>>> print(open('protein_37.cif').read())   # mmCIF, N, CA and C atoms
data_final
loop_
_atom_site.label_atom_id
_atom_site.label_comp_id
_atom_site.auth_asym_id
_atom_site.auth_seq_id
_atom_site.Cartn_x
_atom_site.Cartn_y
_atom_site.Cartn_z
N MET C 1 27.70 -50.48 153.65
CA MET C 1 26.88 -49.33 153.37
C MET C 1 27.57 -48.51 152.28
N ILE C 2 26.81 -48.09 151.28
CA ILE C 2 27.35 -47.37 150.12
C ILE C 2 26.89 -45.93 150.14
N LEU C 3 27.85 -44.99 150.00
CA LEU C 3 27.51 -43.58 149.82
C LEU C 3 27.31 -43.36 148.33
N LYS C 4 26.06 -43.07 147.95
CA LYS C 4 25.72 -42.91 146.54
C LYS C 4 25.51 -41.44 146.19
N ALA C 5 25.81 -41.12 144.95
CA ALA C 5 25.63 -39.76 144.45
C ALA C 5 24.19 -39.55 144.01
N LYS C 6 23.69 -38.35 144.25
CA LYS C 6 22.34 -38.01 143.80
C LYS C 6 22.29 -37.81 142.29
N ASN C 7 23.31 -37.15 141.75
CA ASN C 7 23.36 -36.90 140.31
C ASN C 7 24.15 -38.01 139.63
N LYS C 8 23.69 -38.43 138.48
CA LYS C 8 24.31 -39.54 137.76
C LYS C 8 24.98 -39.05 136.48
N LEU C 9 26.05 -39.71 136.13
CA LEU C 9 26.79 -39.41 134.91
C LEU C 9 26.72 -40.65 134.02
N PHE C 10 25.63 -40.78 133.29
CA PHE C 10 25.36 -42.00 132.56
C PHE C 10 26.35 -42.28 131.43
N SER C 11 27.00 -41.27 130.91
CA SER C 11 27.93 -41.49 129.81
C SER C 11 29.34 -41.81 130.28
N TRP C 12 29.54 -41.88 131.59
CA TRP C 12 30.85 -42.19 132.16
C TRP C 12 30.80 -43.51 132.91
N ASP C 13 31.96 -44.05 133.22
CA ASP C 13 32.09 -45.34 133.92
C ASP C 13 31.93 -45.10 135.42
N VAL C 14 30.72 -45.33 135.93
CA VAL C 14 30.43 -45.14 137.36
C VAL C 14 30.58 -46.49 138.04
N ARG C 15 31.38 -46.50 139.12
CA ARG C 15 31.68 -47.74 139.84
C ARG C 15 31.52 -47.53 141.34
N ILE C 16 31.33 -48.63 142.03
CA ILE C 16 31.32 -48.63 143.49
C ILE C 16 32.69 -49.15 143.95
N PHE C 17 33.38 -48.35 144.76
CA PHE C 17 34.69 -48.73 145.29
C PHE C 17 34.59 -48.89 146.80
N TYR C 18 35.33 -49.86 147.34
CA TYR C 18 35.54 -49.92 148.78
C TYR C 18 36.48 -48.79 149.15
N LEU C 19 36.25 -48.16 150.28
CA LEU C 19 37.09 -47.04 150.70
C LEU C 19 38.57 -47.43 150.77
N GLU C 20 38.84 -48.65 151.22
CA GLU C 20 40.23 -49.03 151.41
C GLU C 20 40.94 -49.45 150.13
N GLU C 21 40.23 -49.53 149.00
CA GLU C 21 40.91 -49.89 147.76
C GLU C 21 41.34 -48.66 146.94
N VAL C 22 41.04 -47.47 147.45
CA VAL C 22 41.38 -46.23 146.77
C VAL C 22 42.26 -45.39 147.68
N TYR C 23 43.40 -44.93 147.16
CA TYR C 23 44.23 -43.99 147.93
C TYR C 23 43.53 -42.63 147.90
N TRP C 24 43.32 -42.08 149.07
CA TRP C 24 42.75 -40.73 149.19
C TRP C 24 43.37 -40.08 150.41
N GLN C 25 43.48 -38.78 150.35
CA GLN C 25 44.04 -38.02 151.46
C GLN C 25 43.47 -36.62 151.40
N MET C 26 42.99 -36.15 152.52
CA MET C 26 42.45 -34.79 152.56
C MET C 26 43.57 -33.78 152.39
N ASP C 27 43.23 -32.66 151.78
CA ASP C 27 44.19 -31.56 151.64
C ASP C 27 44.52 -30.98 153.00
N GLU C 28 45.73 -30.46 153.12
CA GLU C 28 46.17 -29.88 154.39
C GLU C 28 45.25 -28.75 154.84
N ALA C 29 44.81 -27.94 153.89
CA ALA C 29 43.92 -26.82 154.23
C ALA C 29 42.63 -27.32 154.86
N ALA C 30 42.07 -28.40 154.32
CA ALA C 30 40.83 -28.96 154.87
C ALA C 30 41.06 -29.55 156.26
N LEU C 31 42.22 -30.16 156.45
CA LEU C 31 42.53 -30.74 157.77
C LEU C 31 42.66 -29.66 158.84
N LEU C 32 43.18 -28.51 158.46
CA LEU C 32 43.42 -27.44 159.43
C LEU C 32 42.20 -26.55 159.68
N ASP C 33 41.24 -26.59 158.79
CA ASP C 33 40.10 -25.68 158.88
C ASP C 33 38.85 -26.43 159.37
N ARG C 34 38.58 -26.35 160.67
CA ARG C 34 37.42 -27.03 161.25
C ARG C 34 36.11 -26.53 160.65
N ASN C 35 36.03 -25.24 160.36
CA ASN C 35 34.81 -24.68 159.79
C ASN C 35 34.53 -25.27 158.41
N PHE C 36 35.58 -25.45 157.62
CA PHE C 36 35.43 -26.03 156.29
C PHE C 36 34.92 -27.47 156.41
N ARG C 37 35.53 -28.25 157.31
CA ARG C 37 35.10 -29.64 157.49
C ARG C 37 33.66 -29.69 157.99
N ALA C 38 33.30 -28.77 158.87
CA ALA C 38 31.92 -28.72 159.37
C ALA C 38 30.95 -28.38 158.24
N ALA C 39 31.36 -27.48 157.36
CA ALA C 39 30.50 -27.11 156.22
C ALA C 39 30.32 -28.29 155.27
N ILE C 40 31.37 -29.04 155.06
CA ILE C 40 31.28 -30.23 154.21
C ILE C 40 30.29 -31.23 154.83
N LYS C 41 30.46 -31.49 156.12
CA LYS C 41 29.58 -32.44 156.80
C LYS C 41 28.13 -31.97 156.74
N GLU C 42 27.90 -30.71 157.02
CA GLU C 42 26.54 -30.17 156.98
C GLU C 42 25.94 -30.30 155.58
N SER C 43 26.72 -29.97 154.56
CA SER C 43 26.24 -30.06 153.19
C SER C 43 25.88 -31.50 152.83
N LEU C 44 26.75 -32.45 153.16
CA LEU C 44 26.47 -33.84 152.84
C LEU C 44 25.33 -34.40 153.68
N ASP C 45 25.25 -34.01 154.95
CA ASP C 45 24.15 -34.46 155.80
C ASP C 45 22.81 -33.94 155.26
N ASP C 46 22.78 -32.67 154.87
CA ASP C 46 21.53 -32.04 154.44
C ASP C 46 21.14 -32.38 153.00
N ASN C 47 22.13 -32.46 152.11
CA ASN C 47 21.84 -32.58 150.68
C ASN C 47 22.23 -33.92 150.07
N GLY C 48 22.96 -34.74 150.82
CA GLY C 48 23.50 -35.96 150.25
C GLY C 48 24.72 -35.62 149.40
N MET C 49 25.33 -36.64 148.83
CA MET C 49 26.48 -36.43 147.96
C MET C 49 25.94 -36.11 146.57
N LEU C 50 26.09 -34.86 146.16
CA LEU C 50 25.51 -34.43 144.89
C LEU C 50 26.19 -35.08 143.69
N TRP C 51 27.52 -35.12 143.69
CA TRP C 51 28.28 -35.69 142.58
C TRP C 51 29.26 -36.72 143.10
N PRO C 52 29.51 -37.76 142.32
CA PRO C 52 30.47 -38.78 142.77
C PRO C 52 31.91 -38.26 142.67
N PRO C 53 32.78 -38.71 143.55
CA PRO C 53 34.20 -38.38 143.41
C PRO C 53 34.74 -38.96 142.09
N ILE C 54 35.86 -38.42 141.66
CA ILE C 54 36.51 -38.89 140.44
C ILE C 54 37.72 -39.73 140.84
N VAL C 55 37.79 -40.95 140.33
CA VAL C 55 38.87 -41.88 140.64
C VAL C 55 39.58 -42.26 139.35
N TRP C 56 40.90 -42.42 139.44
CA TRP C 56 41.69 -42.90 138.30
C TRP C 56 42.66 -43.95 138.80
N SER C 57 43.32 -44.62 137.89
CA SER C 57 44.27 -45.64 138.28
C SER C 57 45.57 -44.98 138.73
N GLN C 58 46.37 -45.73 139.46
CA GLN C 58 47.69 -45.26 139.86
C GLN C 58 48.53 -44.95 138.62
N GLU C 59 48.40 -45.77 137.58
CA GLU C 59 49.15 -45.55 136.34
C GLU C 59 48.77 -44.22 135.69
N THR C 60 47.48 -43.92 135.66
CA THR C 60 47.03 -42.65 135.09
C THR C 60 47.55 -41.48 135.91
N PHE C 61 47.55 -41.65 137.22
CA PHE C 61 48.08 -40.60 138.08
C PHE C 61 49.56 -40.34 137.79
N LEU C 62 50.35 -41.39 137.58
CA LEU C 62 51.77 -41.21 137.28
C LEU C 62 51.98 -40.50 135.95
N VAL C 63 51.15 -40.79 134.96
CA VAL C 63 51.21 -40.05 133.68
C VAL C 63 50.89 -38.58 133.93
N TYR C 64 49.87 -38.33 134.72
CA TYR C 64 49.48 -36.97 135.08
C TYR C 64 50.64 -36.23 135.75
N CYS C 65 51.34 -36.89 136.65
CA CYS C 65 52.48 -36.28 137.33
C CYS C 65 53.58 -35.89 136.34
N GLN C 66 53.78 -36.72 135.35
CA GLN C 66 54.81 -36.43 134.34
C GLN C 66 54.38 -35.31 133.41
N GLU C 67 53.12 -35.33 132.99
CA GLU C 67 52.64 -34.38 131.98
C GLU C 67 52.14 -33.07 132.58
N GLN C 68 51.75 -33.09 133.84
CA GLN C 68 51.19 -31.90 134.50
C GLN C 68 51.81 -31.72 135.89
N PRO C 69 53.13 -31.66 136.02
CA PRO C 69 53.75 -31.62 137.35
C PRO C 69 53.34 -30.41 138.18
N HIS C 70 53.02 -29.30 137.53
CA HIS C 70 52.62 -28.09 138.24
C HIS C 70 51.25 -28.22 138.91
N ARG C 71 50.48 -29.24 138.56
CA ARG C 71 49.15 -29.44 139.14
C ARG C 71 49.14 -30.46 140.26
N GLN C 72 50.28 -31.07 140.56
CA GLN C 72 50.36 -32.12 141.58
C GLN C 72 50.51 -31.51 142.96
N ASP C 73 49.76 -32.01 143.92
CA ASP C 73 49.86 -31.59 145.31
C ASP C 73 51.12 -32.22 145.92
N PRO C 74 52.12 -31.42 146.29
CA PRO C 74 53.37 -31.98 146.80
C PRO C 74 53.23 -32.66 148.17
N ASN C 75 52.12 -32.44 148.85
CA ASN C 75 51.90 -33.06 150.16
C ASN C 75 51.34 -34.48 150.07
N LYS C 76 50.92 -34.89 148.88
CA LYS C 76 50.34 -36.22 148.72
C LYS C 76 51.38 -37.17 148.15
N THR C 77 51.38 -38.36 148.68
CA THR C 77 52.35 -39.36 148.27
C THR C 77 52.15 -39.74 146.81
N ILE C 78 53.25 -40.01 146.13
CA ILE C 78 53.17 -40.40 144.72
C ILE C 78 53.03 -41.91 144.60
N GLU C 79 53.86 -42.63 145.30
CA GLU C 79 53.82 -44.09 145.24
C GLU C 79 52.84 -44.62 146.29
N THR C 80 52.04 -45.57 145.88
CA THR C 80 51.10 -46.22 146.79
C THR C 80 50.93 -47.67 146.36
N GLY C 81 50.60 -48.52 147.28
CA GLY C 81 50.39 -49.92 146.95
C GLY C 81 49.00 -50.21 146.40
N LEU C 82 48.20 -49.17 146.24
CA LEU C 82 46.83 -49.35 145.76
C LEU C 82 46.75 -49.12 144.25
N ASP C 83 45.79 -49.77 143.61
CA ASP C 83 45.62 -49.64 142.16
C ASP C 83 44.88 -48.37 141.76
N TYR C 84 44.11 -47.80 142.70
CA TYR C 84 43.28 -46.64 142.39
C TYR C 84 43.59 -45.50 143.35
N ARG C 85 43.33 -44.28 142.87
CA ARG C 85 43.46 -43.11 143.73
C ARG C 85 42.35 -42.11 143.40
N CYS C 86 42.02 -41.34 144.40
CA CYS C 86 41.01 -40.29 144.25
C CYS C 86 41.67 -39.09 143.59
N ALA C 87 41.13 -38.67 142.46
CA ALA C 87 41.63 -37.49 141.77
C ALA C 87 40.92 -36.24 142.29
N ILE C 88 39.62 -36.33 142.47
CA ILE C 88 38.79 -35.23 142.97
C ILE C 88 37.76 -35.84 143.92
N GLY C 89 37.67 -35.30 145.13
CA GLY C 89 36.65 -35.76 146.06
C GLY C 89 37.18 -36.39 147.33
N ASN C 90 38.40 -36.05 147.72
CA ASN C 90 38.98 -36.60 148.94
C ASN C 90 38.13 -36.30 150.17
N ASN C 91 37.50 -35.14 150.21
CA ASN C 91 36.64 -34.78 151.34
C ASN C 91 35.41 -35.67 151.42
N ARG C 92 34.90 -36.09 150.27
CA ARG C 92 33.75 -37.01 150.25
C ARG C 92 34.16 -38.39 150.74
N PHE C 93 35.38 -38.81 150.38
CA PHE C 93 35.90 -40.08 150.91
C PHE C 93 36.01 -40.00 152.43
N ASN C 94 36.52 -38.89 152.93
CA ASN C 94 36.66 -38.72 154.37
C ASN C 94 35.30 -38.73 155.05
N TYR C 95 34.34 -38.04 154.48
CA TYR C 95 32.98 -38.05 155.03
C TYR C 95 32.44 -39.47 155.10
N ALA C 96 32.63 -40.23 154.02
CA ALA C 96 32.15 -41.61 154.00
C ALA C 96 32.78 -42.41 155.13
N LYS C 97 34.09 -42.28 155.30
CA LYS C 97 34.79 -43.01 156.36
C LYS C 97 34.27 -42.61 157.74
N GLU C 98 34.15 -41.31 157.97
CA GLU C 98 33.72 -40.82 159.29
C GLU C 98 32.27 -41.14 159.61
N ASN C 99 31.49 -41.47 158.60
CA ASN C 99 30.07 -41.72 158.82
C ASN C 99 29.67 -43.17 158.60
N GLY C 100 30.64 -44.07 158.66
CA GLY C 100 30.34 -45.49 158.67
C GLY C 100 30.12 -46.16 157.33
N TYR C 101 30.38 -45.47 156.24
CA TYR C 101 30.23 -46.09 154.93
C TYR C 101 31.45 -46.96 154.65
N THR C 102 31.25 -48.04 153.94
CA THR C 102 32.36 -48.92 153.54
C THR C 102 32.67 -48.79 152.06
N GLN C 103 31.70 -48.26 151.29
CA GLN C 103 31.85 -48.11 149.85
C GLN C 103 31.34 -46.75 149.42
N ILE C 104 31.82 -46.33 148.24
CA ILE C 104 31.42 -45.03 147.72
C ILE C 104 31.28 -45.11 146.20
N GLU C 105 30.24 -44.48 145.69
CA GLU C 105 30.01 -44.43 144.25
C GLU C 105 30.93 -43.36 143.64
N CYS C 106 31.67 -43.74 142.60
CA CYS C 106 32.65 -42.84 141.97
C CYS C 106 32.56 -42.92 140.46
N VAL C 107 33.10 -41.91 139.82
CA VAL C 107 33.30 -41.94 138.37
C VAL C 107 34.75 -42.36 138.16
N TYR C 108 34.95 -43.42 137.39
CA TYR C 108 36.30 -43.87 137.05
C TYR C 108 36.68 -43.27 135.70
N VAL C 109 37.83 -42.61 135.64
CA VAL C 109 38.30 -42.01 134.38
C VAL C 109 39.63 -42.64 133.98
N PRO C 110 39.79 -42.97 132.70
CA PRO C 110 41.02 -43.61 132.25
C PRO C 110 42.17 -42.65 131.97
N THR C 111 41.89 -41.36 131.81
CA THR C 111 42.95 -40.39 131.52
C THR C 111 42.76 -39.14 132.37
N TRP C 112 43.85 -38.37 132.53
CA TRP C 112 43.71 -37.14 133.30
C TRP C 112 42.87 -36.11 132.54
N GLN C 113 42.87 -36.19 131.23
CA GLN C 113 42.02 -35.28 130.46
C GLN C 113 40.54 -35.57 130.72
N ASP C 114 40.21 -36.86 130.89
CA ASP C 114 38.84 -37.23 131.24
C ASP C 114 38.47 -36.69 132.61
N LYS C 115 39.44 -36.70 133.53
CA LYS C 115 39.20 -36.13 134.87
C LYS C 115 38.78 -34.67 134.74
N ASP C 116 39.50 -33.92 133.91
CA ASP C 116 39.16 -32.52 133.72
C ASP C 116 37.77 -32.35 133.09
N ALA C 117 37.42 -33.24 132.16
CA ALA C 117 36.11 -33.16 131.51
C ALA C 117 34.99 -33.44 132.52
N VAL C 118 35.15 -34.47 133.35
CA VAL C 118 34.13 -34.79 134.36
C VAL C 118 34.04 -33.67 135.39
N LEU C 119 35.18 -33.14 135.79
CA LEU C 119 35.18 -32.04 136.76
C LEU C 119 34.41 -30.85 136.23
N GLU C 120 34.53 -30.57 134.95
CA GLU C 120 33.80 -29.45 134.34
C GLU C 120 32.28 -29.68 134.45
N ILE C 121 31.84 -30.92 134.32
CA ILE C 121 30.41 -31.26 134.41
C ILE C 121 29.93 -31.18 135.85
N THR C 122 30.77 -31.62 136.79
CA THR C 122 30.33 -31.80 138.17
C THR C 122 30.69 -30.64 139.09
N LYS C 123 31.28 -29.60 138.55
CA LYS C 123 31.68 -28.47 139.37
C LYS C 123 30.45 -27.87 140.06
N MET C 124 30.58 -27.65 141.35
CA MET C 124 29.47 -27.10 142.12
C MET C 124 29.24 -25.64 141.74
N ASP C 125 28.00 -25.18 141.85
CA ASP C 125 27.65 -23.81 141.50
C ASP C 125 28.45 -22.78 142.30
N TYR C 126 28.76 -23.11 143.53
CA TYR C 126 29.45 -22.17 144.39
C TYR C 126 30.96 -22.41 144.42
N CYS C 127 31.47 -23.18 143.42
CA CYS C 127 32.90 -23.39 143.22
C CYS C 127 33.58 -24.12 144.36
N VAL C 128 32.85 -24.88 145.12
CA VAL C 128 33.44 -25.70 146.16
C VAL C 128 33.10 -27.15 145.83
N ASP C 129 34.11 -27.96 145.68
CA ASP C 129 33.89 -29.36 145.32
C ASP C 129 33.96 -30.21 146.57
N PHE C 130 32.82 -30.42 147.23
CA PHE C 130 32.77 -31.26 148.42
C PHE C 130 32.76 -32.71 147.99
#
>>> encode(input="protein_37.cif", output="structure tokens")
Amino acid sequence: MILKAKNKLFSWDVRIFYLEEVYWQMDEAALLDRNFRAAIKESLDDNGMLWPPIVWSQETFLVYCQEQPHRQDPNKTIETGLDYRCAIGNNRFNYAKENGYTQIECVYVPTWQDKDAVLEITKMDYCVDF
């Protein structure tokens, strides 16, 4: 079962990933805040996944860590045995897992600058990126 995004980004590389082929981890704040997780679930249940998560390669992530160390979440592991990682959208990956999806539609970006460009397009009106 594939969790698909309602909005499409035709000028970007949109791919379907298996959940287990992408490293993703929810932020500590989301894990501790039941109300936040409930709001995410309600939003996705009611509206679907509006925008696809952003995924990059492990290599791109390592470049990002070197060039933008102040933007790296210190709670997330740097080394992983997976080729891909979620740059934006860990909560959507978690929703997919908790709701029986095996795959998720994502935007694949080759550089961290591309991640920032896609994020600017897909930013939610209310400044919450579910």
>>> residues_around(input="protein_37.cif", residues="region 68-77 of chain C", least_positions_apart="4", cutoff="8 Å", atoms="all atoms listed in the file", output="list in words")
Gln25, Asp27, Glu28, Leu62, Val63 and Tyr64 of chain C
>>> residues_near_point(input="protein_37.cif", point="(55.2, -42.2, 142.8)", cutoff="9 Å", atoms="only C-alpha atoms", output="PyMOL selection string")
chain C and resi 58+61-62+65+77-80
>>> residues_near_point(input="protein_37.cif", point="(34.4, -35.2, 147.4)", cutoff="7 Å", atoms="all atoms listed in the file", output="list of chain:residue names")
C:Trp51, C:Pro52, C:Pro53, C:Ile54, C:Ile88, C:Gly89, C:Asn90, C:Asn91, C:Arg92, C:Phe93, C:Asn94, C:Asp129, C:Phe130
>>> residues_around(input="protein_37.cif", residues="Ala5 (chain C)", least_positions_apart="2", cutoff="8 Å", atoms="all atoms listed in the file", output="PyMOL selection string")
chain C and resi 2-3+7-8+48-53+104-106
>>> closest_residue(input="protein_37.cif", among="C:Ala39, C:Leu19, C:Leu32, C:Leu119", to="Thr102 (chain C)", atoms="all atoms listed in the file")
C:Leu19
>>> resolve_selection(input="protein_37.cif", expression="the PyMOL selection byres ((chain C and resi 22) around 8)", output="PyMOL selection string")
chain C and resi 17-21+23-25+55+82-86
>>> build_atoms(input="protein_37.cif", residues="region 81-92 of chain C", atoms="all heavy atoms", output="JSON list (two decimals), in the coordinates of the input")
[["chain", "number", "residue", "atom", "x", "y", "z"],
["C", 81, "GLY", "N", 50.60, -48.52, 147.28],
["C", 81, "GLY", "CA", 50.39, -49.92, 146.95],
["C", 81, "GLY", "C", 49.00, -50.21, 146.40],
["C", 81, "GLY", "O", 48.67, -51.35, 146.10],
["C", 82, "LEU", "N", 48.20, -49.17, 146.24],
["C", 82, "LEU", "CA", 46.83, -49.35, 145.76],
["C", 82, "LEU", "C", 46.75, -49.12, 144.25],
["C", 82, "LEU", "O", 47.52, -48.35, 143.69],
["C", 82, "LEU", "CB", 45.90, -48.38, 146.48],
["C", 82, "LEU", "CG", 45.82, -48.57, 148.00],
["C", 82, "LEU", "CD1", 45.02, -47.45, 148.64],
["C", 82, "LEU", "CD2", 45.22, -49.92, 148.35],
["C", 83, "ASP", "N", 45.79, -49.77, 143.61],
["C", 83, "ASP", "CA", 45.62, -49.64, 142.16],
["C", 83, "ASP", "C", 44.88, -48.37, 141.76],
["C", 83, "ASP", "O", 44.98, -47.93, 140.62],
["C", 83, "ASP", "CB", 44.85, -50.84, 141.61],
["C", 83, "ASP", "CG", 45.65, -52.13, 141.70],
["C", 83, "ASP", "OD1", 46.90, -52.07, 141.73],
["C", 83, "ASP", "OD2", 45.02, -53.21, 141.74],
["C", 84, "TYR", "N", 44.11, -47.80, 142.70],
["C", 84, "TYR", "CA", 43.28, -46.64, 142.39],
["C", 84, "TYR", "C", 43.59, -45.50, 143.35],
["C", 84, "TYR", "O", 43.98, -45.71, 144.48],
["C", 84, "TYR", "CB", 41.79, -46.99, 142.50],
["C", 84, "TYR", "CG", 41.38, -48.11, 141.59],
["C", 84, "TYR", "CD1", 41.20, -49.39, 142.08],
["C", 84, "TYR", "CD2", 41.18, -47.89, 140.23],
["C", 84, "TYR", "CE1", 40.83, -50.44, 141.25],
["C", 84, "TYR", "CE2", 40.82, -48.93, 139.39],
["C", 84, "TYR", "CZ", 40.65, -50.19, 139.91],
["C", 84, "TYR", "OH", 40.28, -51.22, 139.07],
["C", 85, "ARG", "N", 43.33, -44.28, 142.87],
["C", 85, "ARG", "CA", 43.46, -43.11, 143.73],
["C", 85, "ARG", "C", 42.35, -42.11, 143.40],
["C", 85, "ARG", "O", 41.87, -42.04, 142.29],
["C", 85, "ARG", "CB", 44.80, -42.41, 143.67],
["C", 85, "ARG", "CG", 45.63, -42.52, 142.55],
["C", 85, "ARG", "CD", 47.02, -41.87, 142.65],
["C", 85, "ARG", "NE", 47.23, -40.83, 143.60],
["C", 85, "ARG", "CZ", 48.28, -40.78, 144.41],
["C", 85, "ARG", "NH1", 49.20, -41.69, 144.39],
["C", 85, "ARG", "NH2", 48.42, -39.79, 145.25],
["C", 86, "CYS", "N", 42.02, -41.34, 144.40],
["C", 86, "CYS", "CA", 41.01, -40.29, 144.25],
["C", 86, "CYS", "C", 41.67, -39.09, 143.59],
["C", 86, "CYS", "O", 42.66, -38.56, 144.09],
["C", 86, "CYS", "CB", 40.44, -39.92, 145.61],
["C", 86, "CYS", "SG", 39.19, -38.63, 145.54],
["C", 87, "ALA", "N", 41.13, -38.67, 142.46],
["C", 87, "ALA", "CA", 41.63, -37.49, 141.77],
["C", 87, "ALA", "C", 40.92, -36.24, 142.29],
["C", 87, "ALA", "O", 41.54, -35.21, 142.52],
["C", 87, "ALA", "CB", 41.42, -37.62, 140.26],
["C", 88, "ILE", "N", 39.62, -36.33, 142.47],
["C", 88, "ILE", "CA", 38.79, -35.23, 142.97],
["C", 88, "ILE", "C", 37.76, -35.84, 143.92],
["C", 88, "ILE", "O", 37.06, -36.77, 143.55],
["C", 88, "ILE", "CB", 38.04, -34.51, 141.82],
["C", 88, "ILE", "CG1", 39.01, -33.94, 140.79],
["C", 88, "ILE", "CG2", 37.11, -33.44, 142.36],
["C", 88, "ILE", "CD1", 39.87, -32.79, 141.28],
["C", 89, "GLY", "N", 37.67, -35.30, 145.13],
["C", 89, "GLY", "CA", 36.65, -35.76, 146.06],
["C", 89, "GLY", "C", 37.18, -36.39, 147.33],
["C", 89, "GLY", "O", 36.48, -37.17, 147.98],
["C", 90, "ASN", "N", 38.40, -36.05, 147.72],
["C", 90, "ASN", "CA", 38.98, -36.60, 148.94],
["C", 90, "ASN", "C", 38.13, -36.30, 150.17],
["C", 90, "ASN", "O", 38.03, -37.13, 151.08],
["C", 90, "ASN", "CB", 40.40, -36.06, 149.13],
["C", 90, "ASN", "CG", 41.34, -36.59, 148.08],
["C", 90, "ASN", "OD1", 41.77, -37.73, 148.15],
["C", 90, "ASN", "ND2", 41.66, -35.77, 147.10],
["C", 91, "ASN", "N", 37.50, -35.14, 150.21],
["C", 91, "ASN", "CA", 36.64, -34.78, 151.34],
["C", 91, "ASN", "C", 35.41, -35.67, 151.42],
["C", 91, "ASN", "O", 34.93, -36.01, 152.50],
["C", 91, "ASN", "CB", 36.23, -33.32, 151.27],
["C", 91, "ASN", "CG", 37.41, -32.39, 151.43],
["C", 91, "ASN", "OD1", 38.25, -32.59, 152.30],
["C", 91, "ASN", "ND2", 37.51, -31.39, 150.57],
["C", 92, "ARG", "N", 34.90, -36.09, 150.27],
["C", 92, "ARG", "CA", 33.75, -37.01, 150.25],
["C", 92, "ARG", "C", 34.16, -38.39, 150.74],
["C", 92, "ARG", "O", 33.40, -39.06, 151.43],
["C", 92, "ARG", "CB", 33.13, -37.06, 148.85],
["C", 92, "ARG", "CG", 32.34, -35.79, 148.55],
["C", 92, "ARG", "CD", 31.98, -35.68, 147.10],
["C", 92, "ARG", "NE", 33.13, -35.10, 146.40],
["C", 92, "ARG", "CZ", 33.16, -34.81, 145.11],
["C", 92, "ARG", "NH1", 32.12, -35.08, 144.35],
["C", 92, "ARG", "NH2", 34.22, -34.27, 144.57]]
